[in-house]
Amino acid sequence: MRPFLWLQGLLSRRQAVTESTWLLERADGRTFRVALTTQPFSEQREAFDDVVGVTGVLLLYSVGLLAALYWAVRHAFAPLRQILDAIGAFERQDYRTRLPAMPVRELDVIARALNHLAAALGQIQEERRLLSLRLLTLQEDERAHIARELHDELGQSLTAMRADATYLLRRTAQQPDLHTVVAELEQQCARVQQDIRNLLRWLGKPGEG
C-alpha cells in the first residue's frame, strides 16, 4: 500500500484549486455573485480510490476462489487416496481391504476391478496355505513311514547281524584271520546301526538298539 499512498500524496500536492466568479443581475435590480471552484485532479483522486477498491475486491475474490479450488481438488482426489491405500494394503498381502462405490464412473470401474483382484488373490493365498499344510502333513507322514521302516525292518536286521557277529567273534577267538574279518564286520554293523539311529532322530523318532 505504500506506493499507493505515495501516489495519492503526489496527486494532492499537484492539485491546483482555481476559482471563477460572475456577477448576475436580475430584472428587479438585485445582484448575485456566483463563484465556481475547480479542482483539476479530483477525477484522478476518485479514479485512484476506485482502483484501490476494485483491487481489494479482486484480492478477496481471488483468495475465496483459491480456497474453493483447494477444497474441490481435495474432494475430487479423495477417491484416489482410497485407491492408493487399498493398493498399499495389497502390497502388504492384506487382501481383506475392499473399496466402496466411487462417485466417478471411471474410478468406480477401477475400484470394482481392484476388489475382484483382491478377492482372487485372497482365495489363491488361502489355497496356497491349505496346500502348504497338506504338503507338510504328507511330509510328516512320509517321514514317520520311513522311520518305521528303518526301525522295524533294517534296525532289527542289523541287531541280528551284530548278535551273529558277536557270536562269531567268540567262536573264532583261536583263528586270528577269521577273527579279524568278523571284528571288522561287527564294527561295520555298529556304524550302520548308529547312522540309522541318527537318521531316525532326524526323522523325529528316536532310534532304539
# chains A, B, ... in the order shown; residues from 1 in each chain; ligands from 1

call {"tool": "residues_around", "arguments": {"residues": "Glu186 in chain A", "least_positions_apart": "5", "cutoff": "9 Å", "atoms": "only C-alpha atoms", "output": "JSON, numbers by chain"}}
result
{"A": [161, 162, 163, 164, 165, 166, 169, 181, 191]}

call {"tool": "residues_around", "arguments": {"residues": "Ala113 in chain A", "least_positions_apart": "4", "cutoff": "12 Å", "atoms": "only C-alpha atoms", "output": "PyMOL selection string"}}
result
chain A and resi 83+86-87+98-101+106-109+117-120

call {"tool": "residues_around", "arguments": {"residues": "range 126-128 of chain A", "least_positions_apart": "4", "cutoff": "12 Å", "atoms": "only C-alpha atoms", "output": "list in words"}}
result
Gln93, Asp94, Tyr95, Arg96, Ala119, Ala120, Leu121, Gly122, Ser132, Leu133, Arg134 and Leu135 of chain A

call {"tool": "write_last_selection", "arguments": {"atoms": "N, CA, C and O atoms", "output": "mmCIF file, in the first residue's frame"}}
result
data_model
loop_
_atom_site.group_PDB
_atom_site.id
_atom_site.type_symbol
_atom_site.label_atom_id
_atom_site.label_comp_id
_atom_site.auth_asym_id
_atom_site.auth_seq_id
_atom_site.Cartn_x
_atom_site.Cartn_y
_atom_site.Cartn_z
ATOM 1 N N GLN A 93 0.112 -57.820 1.244
ATOM 2 C CA GLN A 93 -0.592 -59.110 1.210
ATOM 3 C C GLN A 93 -1.785 -59.137 2.166
ATOM 4 O O GLN A 93 -2.127 -60.175 2.723
ATOM 5 N N ASP A 94 -2.410 -57.981 2.326
ATOM 6 C CA ASP A 94 -3.642 -57.888 3.092
ATOM 7 C C ASP A 94 -4.783 -57.712 2.091
ATOM 8 O O ASP A 94 -5.059 -56.608 1.626
ATOM 9 N N TYR A 95 -5.424 -58.834 1.761
ATOM 10 C CA TYR A 95 -6.433 -58.825 0.716
ATOM 11 C C TYR A 95 -7.850 -58.719 1.275
ATOM 12 O O TYR A 95 -8.814 -58.985 0.560
ATOM 13 N N ARG A 96 -7.982 -58.326 2.526
ATOM 14 C CA ARG A 96 -9.309 -58.141 3.110
ATOM 15 C C ARG A 96 -9.868 -56.750 2.833
ATOM 16 O O ARG A 96 -11.052 -56.501 3.041
ATOM 17 N N ALA A 119 -10.151 -60.248 -4.094
ATOM 18 C CA ALA A 119 -10.849 -61.499 -3.786
ATOM 19 C C ALA A 119 -10.112 -62.695 -4.389
ATOM 20 O O ALA A 119 -9.945 -63.744 -3.741
ATOM 21 N N ALA A 120 -9.661 -62.539 -5.642
ATOM 22 C CA ALA A 120 -8.943 -63.641 -6.290
ATOM 23 C C ALA A 120 -7.619 -63.929 -5.591
ATOM 24 O O ALA A 120 -7.268 -65.093 -5.337
ATOM 25 N N LEU A 121 -6.884 -62.868 -5.247
ATOM 26 C CA LEU A 121 -5.609 -63.064 -4.562
ATOM 27 C C LEU A 121 -5.811 -63.665 -3.171
ATOM 28 O O LEU A 121 -5.022 -64.505 -2.723
ATOM 29 N N GLY A 122 -6.874 -63.237 -2.495
ATOM 30 C CA GLY A 122 -7.160 -63.813 -1.183
ATOM 31 C C GLY A 122 -7.473 -65.298 -1.282
ATOM 32 O O GLY A 122 -7.039 -66.091 -0.442
ATOM 33 N N SER A 132 0.087 -75.816 1.536
ATOM 34 C CA SER A 132 1.301 -75.925 2.360
ATOM 35 C C SER A 132 1.051 -76.829 3.568
ATOM 36 O O SER A 132 1.902 -77.665 3.923
ATOM 37 N N LEU A 133 -0.133 -76.670 4.191
ATOM 38 C CA LEU A 133 -0.459 -77.541 5.318
ATOM 39 C C LEU A 133 -0.561 -78.995 4.882
ATOM 40 O O LEU A 133 -0.091 -79.904 5.581
ATOM 41 N N ARG A 134 -1.192 -79.218 3.725
ATOM 42 C CA ARG A 134 -1.312 -80.580 3.214
ATOM 43 C C ARG A 134 0.051 -81.167 2.902
ATOM 44 O O ARG A 134 0.337 -82.345 3.218
ATOM 45 N N LEU A 135 0.904 -80.367 2.268
ATOM 46 C CA LEU A 135 2.250 -80.840 1.948
ATOM 47 C C LEU A 135 3.043 -81.147 3.213
ATOM 48 O O LEU A 135 3.760 -82.164 3.283
#

call {"tool": "atom_distance", "arguments": {"atom1": "CA of Phe90 in chain A", "atom2": "CA of Val73 in chain A"}}
result
26.0 Å

call {"tool": "select_by_dssp", "arguments": {"residues": "range 59-195 of chain A", "states": "alpha helix (DSSP H)", "output": "number ranges by chain"}}
result
A: 59-91, 105-149, 155-171, 176-195

call {"tool": "closest_residue", "arguments": {"among": "A:Thr55, A:His151, A:Ala89, A:Ala183", "to": "Asp195 in chain A", "atoms": "only C-alpha atoms"}}
result
A:His151

call {"tool": "residues_around", "arguments": {"residues": "His145 in chain A", "least_positions_apart": "6", "cutoff": "12 Å", "atoms": "only C-alpha atoms", "output": "MDAnalysis selection string"}}
result
chainID A and resid 138:139 151:153 200 203:205

call {"tool": "write_last_selection", "arguments": {"atoms": "all heavy atoms", "output": "PDB file, in the first residue's frame"}}
result
ATOM      1  N   LEU A 138       1.796 -84.418   4.552  1.00  0.00           N
ATOM      2  CA  LEU A 138       2.323 -85.539   3.768  1.00  0.00           C
ATOM      3  C   LEU A 138       3.796 -85.796   4.075  1.00  0.00           C
ATOM      4  O   LEU A 138       4.225 -86.952   4.162  1.00  0.00           O
ATOM      5  CB  LEU A 138       2.138 -85.256   2.275  1.00  0.00           C
ATOM      6  CG  LEU A 138       0.695 -85.244   1.758  1.00  0.00           C
ATOM      7  CD1 LEU A 138       0.657 -84.845   0.285  1.00  0.00           C
ATOM      8  CD2 LEU A 138       0.052 -86.615   1.954  1.00  0.00           C
ATOM      9  N   GLN A 139       4.552 -84.718   4.238  1.00  0.00           N
ATOM     10  CA  GLN A 139       5.967 -84.891   4.584  1.00  0.00           C
ATOM     11  C   GLN A 139       6.130 -85.562   5.939  1.00  0.00           C
ATOM     12  O   GLN A 139       6.961 -86.468   6.103  1.00  0.00           O
ATOM     13  CB  GLN A 139       6.666 -83.525   4.581  1.00  0.00           C
ATOM     14  CG  GLN A 139       6.866 -82.931   3.200  1.00  0.00           C
ATOM     15  CD  GLN A 139       7.514 -81.566   3.252  1.00  0.00           C
ATOM     16  OE1 GLN A 139       7.597 -80.952   4.308  1.00  0.00           O
ATOM     17  NE2 GLN A 139       7.960 -81.089   2.103  1.00  0.00           N
ATOM     18  N   HIS A 151      13.252 -98.546  11.468  1.00  0.00           N
ATOM     19  CA  HIS A 151      13.310 -99.100  12.811  1.00  0.00           C
ATOM     20  C   HIS A 151      12.860-100.562  12.844  1.00  0.00           C
ATOM     21  O   HIS A 151      13.500-101.418  13.476  1.00  0.00           O
ATOM     22  CB  HIS A 151      12.439 -98.270  13.757  1.00  0.00           C
ATOM     23  CG  HIS A 151      12.447 -98.770  15.166  1.00  0.00           C
ATOM     24  ND1 HIS A 151      11.484 -99.639  15.649  1.00  0.00           N
ATOM     25  CD2 HIS A 151      13.311 -98.553  16.193  1.00  0.00           C
ATOM     26  CE1 HIS A 151      11.738 -99.927  16.907  1.00  0.00           C
ATOM     27  NE2 HIS A 151      12.840 -99.274  17.263  1.00  0.00           N
ATOM     28  N   ASP A 152      11.786-100.861  12.141  1.00  0.00           N
ATOM     29  CA  ASP A 152      11.215-102.202  12.245  1.00  0.00           C
ATOM     30  C   ASP A 152      11.959-103.225  11.392  1.00  0.00           C
ATOM     31  O   ASP A 152      12.149-104.382  11.811  1.00  0.00           O
ATOM     32  CB  ASP A 152       9.738-102.181  11.832  1.00  0.00           C
ATOM     33  CG  ASP A 152       8.905-101.317  12.776  1.00  0.00           C
ATOM     34  OD1 ASP A 152       9.366-101.089  13.910  1.00  0.00           O
ATOM     35  OD2 ASP A 152       7.810-100.872  12.370  1.00  0.00           O
ATOM     36  N   GLU A 153      12.381-102.813  10.201  1.00  0.00           N
ATOM     37  CA  GLU A 153      12.991-103.773   9.294  1.00  0.00           C
ATOM     38  C   GLU A 153      14.521-103.760   9.383  1.00  0.00           C
ATOM     39  O   GLU A 153      15.146-104.709   9.848  1.00  0.00           O
ATOM     40  CB  GLU A 153      12.538-103.474   7.848  1.00  0.00           C
ATOM     41  CG  GLU A 153      11.044-103.556   7.648  1.00  0.00           C
ATOM     42  CD  GLU A 153      10.521-104.973   7.834  1.00  0.00           C
ATOM     43  OE1 GLU A 153      11.297-105.940   7.645  1.00  0.00           O
ATOM     44  OE2 GLU A 153       9.331-105.114   8.165  1.00  0.00           O
ATOM     45  N   LEU A 200      16.928 -91.745  12.292  1.00  0.00           N
ATOM     46  CA  LEU A 200      15.649 -91.808  12.991  1.00  0.00           C
ATOM     47  C   LEU A 200      15.428 -90.581  13.869  1.00  0.00           C
ATOM     48  O   LEU A 200      14.323 -90.052  13.966  1.00  0.00           O
ATOM     49  CB  LEU A 200      15.568 -93.079  13.840  1.00  0.00           C
ATOM     50  CG  LEU A 200      15.427 -94.403  13.074  1.00  0.00           C
ATOM     51  CD1 LEU A 200      15.536 -95.578  14.031  1.00  0.00           C
ATOM     52  CD2 LEU A 200      14.102 -94.448  12.332  1.00  0.00           C
ATOM     53  N   LEU A 203      14.454 -87.849  11.647  1.00  0.00           N
ATOM     54  CA  LEU A 203      13.079 -88.035  11.170  1.00  0.00           C
ATOM     55  C   LEU A 203      12.044 -87.819  12.260  1.00  0.00           C
ATOM     56  O   LEU A 203      10.846 -87.842  11.993  1.00  0.00           O
ATOM     57  CB  LEU A 203      12.906 -89.447  10.584  1.00  0.00           C
ATOM     58  CG  LEU A 203      13.638 -89.701   9.275  1.00  0.00           C
ATOM     59  CD1 LEU A 203      13.535 -91.178   8.892  1.00  0.00           C
ATOM     60  CD2 LEU A 203      13.077 -88.825   8.148  1.00  0.00           C
ATOM     61  N   GLY A 204      12.487 -87.658  13.496  1.00  0.00           N
ATOM     62  CA  GLY A 204      11.550 -87.359  14.577  1.00  0.00           C
ATOM     63  C   GLY A 204      11.232 -88.538  15.456  1.00  0.00           C
ATOM     64  O   GLY A 204      10.398 -88.405  16.362  1.00  0.00           O
ATOM     65  N   LYS A 205      11.905 -89.652  15.270  1.00  0.00           N
ATOM     66  CA  LYS A 205      11.662 -90.801  16.088  1.00  0.00           C
ATOM     67  C   LYS A 205      12.984 -91.299  16.627  1.00  0.00           C
ATOM     68  O   LYS A 205      13.878 -91.652  15.835  1.00  0.00           O
ATOM     69  CB  LYS A 205      10.976 -91.928  15.300  1.00  0.00           C
ATOM     70  CG  LYS A 205      10.693 -93.152  16.124  1.00  0.00           C
ATOM     71  CD  LYS A 205       9.971 -94.212  15.293  1.00  0.00           C
ATOM     72  CE  LYS A 205       9.701 -95.462  16.119  1.00  0.00           C
ATOM     73  NZ  LYS A 205       8.993 -96.507  15.330  1.00  0.00           N
TER      74      LYS A 205
END

call {"tool": "residues_around", "arguments": {"residues": "Pro103 in chain A", "least_positions_apart": "5", "cutoff": "12 Å", "atoms": "only C-alpha atoms", "output": "list in words"}}
result
His75, Ala76, Phe77, Ala78, Pro79, Leu80, Asp108, Val109, Ile110 and Ala111 of chain A

call {"tool": "residues_around", "arguments": {"residues": "Glu149 in chain A", "least_positions_apart": "5", "cutoff": "12 Å", "atoms": "only C-alpha atoms", "output": "PyMOL selection string"}}
result
chain A and resi 142-144+154-157+196+199-200+203+205+207

call {"tool": "write_last_selection", "arguments": {"atoms": "C-alpha atoms", "output": "short mmCIF file (atom, residue, chain, number, x, y, z; two decimals), in the first residue's frame"}}
result
data_model
loop_
_atom_site.label_atom_id
_atom_site.label_comp_id
_atom_site.auth_asym_id
_atom_site.auth_seq_id
_atom_site.Cartn_x
_atom_site.Cartn_y
_atom_site.Cartn_z
CA GLU A 142 6.29 -89.94 4.89
CA ARG A 143 8.96 -89.27 7.48
CA ALA A 144 7.04 -91.35 10.01
CA LEU A 154 16.55 -102.58 8.91
CA GLY A 155 17.10 -101.94 12.61
CA GLN A 156 16.06 -105.43 13.61
CA SER A 157 18.16 -106.98 10.84
CA ILE A 196 20.25 -95.35 11.37
CA LEU A 199 18.54 -90.75 10.77
CA LEU A 200 15.65 -91.81 12.99
CA LEU A 203 13.08 -88.03 11.17
CA LYS A 205 11.66 -90.80 16.09
CA GLY A 207 16.36 -94.85 17.41
#

call {"tool": "decode", "arguments": {"residues": "range 156-177 of chain A", "atoms": "N, CA and C atoms", "output": "PDB file, in the first residue's frame"}}
result
ATOM      1  N   GLN A 156      16.073-104.074  13.055  1.00  0.00           N
ATOM      2  CA  GLN A 156      16.059-105.426  13.607  1.00  0.00           C
ATOM      3  C   GLN A 156      17.073-106.325  12.902  1.00  0.00           C
ATOM      4  N   SER A 157      17.191-106.166  11.579  1.00  0.00           N
ATOM      5  CA  SER A 157      18.163-106.975  10.841  1.00  0.00           C
ATOM      6  C   SER A 157      19.586-106.677  11.290  1.00  0.00           C
ATOM      7  N   LEU A 158      19.907-105.407  11.488  1.00  0.00           N
ATOM      8  CA  LEU A 158      21.249-105.052  11.946  1.00  0.00           C
ATOM      9  C   LEU A 158      21.509-105.556  13.359  1.00  0.00           C
ATOM     10  N   THR A 159      20.481-105.493  14.188  1.00  0.00           N
ATOM     11  CA  THR A 159      20.647-106.024  15.547  1.00  0.00           C
ATOM     12  C   THR A 159      20.944-107.519  15.507  1.00  0.00           C
ATOM     13  N   ALA A 160      20.253-108.260  14.636  1.00  0.00           N
ATOM     14  CA  ALA A 160      20.512-109.695  14.498  1.00  0.00           C
ATOM     15  C   ALA A 160      21.912-109.942  13.940  1.00  0.00           C
ATOM     16  N   MET A 161      22.326-109.124  12.985  1.00  0.00           N
ATOM     17  CA  MET A 161      23.670-109.292  12.405  1.00  0.00           C
ATOM     18  C   MET A 161      24.742-109.024  13.461  1.00  0.00           C
ATOM     19  N   ARG A 162      24.540-108.024  14.288  1.00  0.00           N
ATOM     20  CA  ARG A 162      25.524-107.755  15.337  1.00  0.00           C
ATOM     21  C   ARG A 162      25.581-108.907  16.348  1.00  0.00           C
ATOM     22  N   ALA A 163      24.409-109.468  16.636  1.00  0.00           N
ATOM     23  CA  ALA A 163      24.401-110.623  17.553  1.00  0.00           C
ATOM     24  C   ALA A 163      25.163-111.804  16.949  1.00  0.00           C
ATOM     25  N   ASP A 164      24.943-112.027  15.641  1.00  0.00           N
ATOM     26  CA  ASP A 164      25.677-113.109  14.984  1.00  0.00           C
ATOM     27  C   ASP A 164      27.165-112.819  14.950  1.00  0.00           C
ATOM     28  N   ALA A 165      27.531-111.550  14.675  1.00  0.00           N
ATOM     29  CA  ALA A 165      28.964-111.210  14.642  1.00  0.00           C
ATOM     30  C   ALA A 165      29.601-111.387  16.009  1.00  0.00           C
ATOM     31  N   THR A 166      28.893-111.035  17.052  1.00  0.00           N
ATOM     32  CA  THR A 166      29.417-111.233  18.409  1.00  0.00           C
ATOM     33  C   THR A 166      29.636-112.722  18.699  1.00  0.00           C
ATOM     34  N   TYR A 167      28.684-113.531  18.251  1.00  0.00           N
ATOM     35  CA  TYR A 167      28.826-114.978  18.441  1.00  0.00           C
ATOM     36  C   TYR A 167      30.044-115.497  17.685  1.00  0.00           C
ATOM     37  N   LEU A 168      30.209-115.009  16.440  1.00  0.00           N
ATOM     38  CA  LEU A 168      31.359-115.471  15.651  1.00  0.00           C
ATOM     39  C   LEU A 168      32.672-114.979  16.233  1.00  0.00           C
ATOM     40  N   LEU A 169      32.645-113.799  16.851  1.00  0.00           N
ATOM     41  CA  LEU A 169      33.877-113.315  17.481  1.00  0.00           C
ATOM     42  C   LEU A 169      34.338-114.281  18.567  1.00  0.00           C
ATOM     43  N   ARG A 170      33.383-114.803  19.341  1.00  0.00           N
ATOM     44  CA  ARG A 170      33.763-115.755  20.395  1.00  0.00           C
ATOM     45  C   ARG A 170      34.238-117.089  19.804  1.00  0.00           C
ATOM     46  N   ARG A 171      33.605-117.505  18.714  1.00  0.00           N
ATOM     47  CA  ARG A 171      33.953-118.793  18.141  1.00  0.00           C
ATOM     48  C   ARG A 171      35.268-118.757  17.376  1.00  0.00           C
ATOM     49  N   THR A 172      35.663-117.602  16.882  1.00  0.00           N
ATOM     50  CA  THR A 172      36.903-117.511  16.094  1.00  0.00           C
ATOM     51  C   THR A 172      38.032-116.878  16.900  1.00  0.00           C
ATOM     52  N   ALA A 173      37.911-116.942  18.186  1.00  0.00           N
ATOM     53  CA  ALA A 173      38.979-116.348  19.009  1.00  0.00           C
ATOM     54  C   ALA A 173      40.321-117.029  18.759  1.00  0.00           C
ATOM     55  N   GLN A 174      40.320-118.315  18.391  1.00  0.00           N
ATOM     56  CA  GLN A 174      41.556-119.045  18.151  1.00  0.00           C
ATOM     57  C   GLN A 174      41.952-119.013  16.683  1.00  0.00           C
ATOM     58  N   GLN A 175      41.210-118.321  15.851  1.00  0.00           N
ATOM     59  CA  GLN A 175      41.517-118.216  14.413  1.00  0.00           C
ATOM     60  C   GLN A 175      41.695-116.732  14.067  1.00  0.00           C
ATOM     61  N   PRO A 176      42.914-116.270  14.142  1.00  0.00           N
ATOM     62  CA  PRO A 176      43.169-114.819  14.004  1.00  0.00           C
ATOM     63  C   PRO A 176      42.641-114.232  12.696  1.00  0.00           C
ATOM     64  N   ASP A 177      42.812-114.939  11.597  1.00  0.00           N
ATOM     65  CA  ASP A 177      42.374-114.363  10.310  1.00  0.00           C
ATOM     66  C   ASP A 177      40.869-114.175  10.282  1.00  0.00           C
TER      67      ASP A 177
END
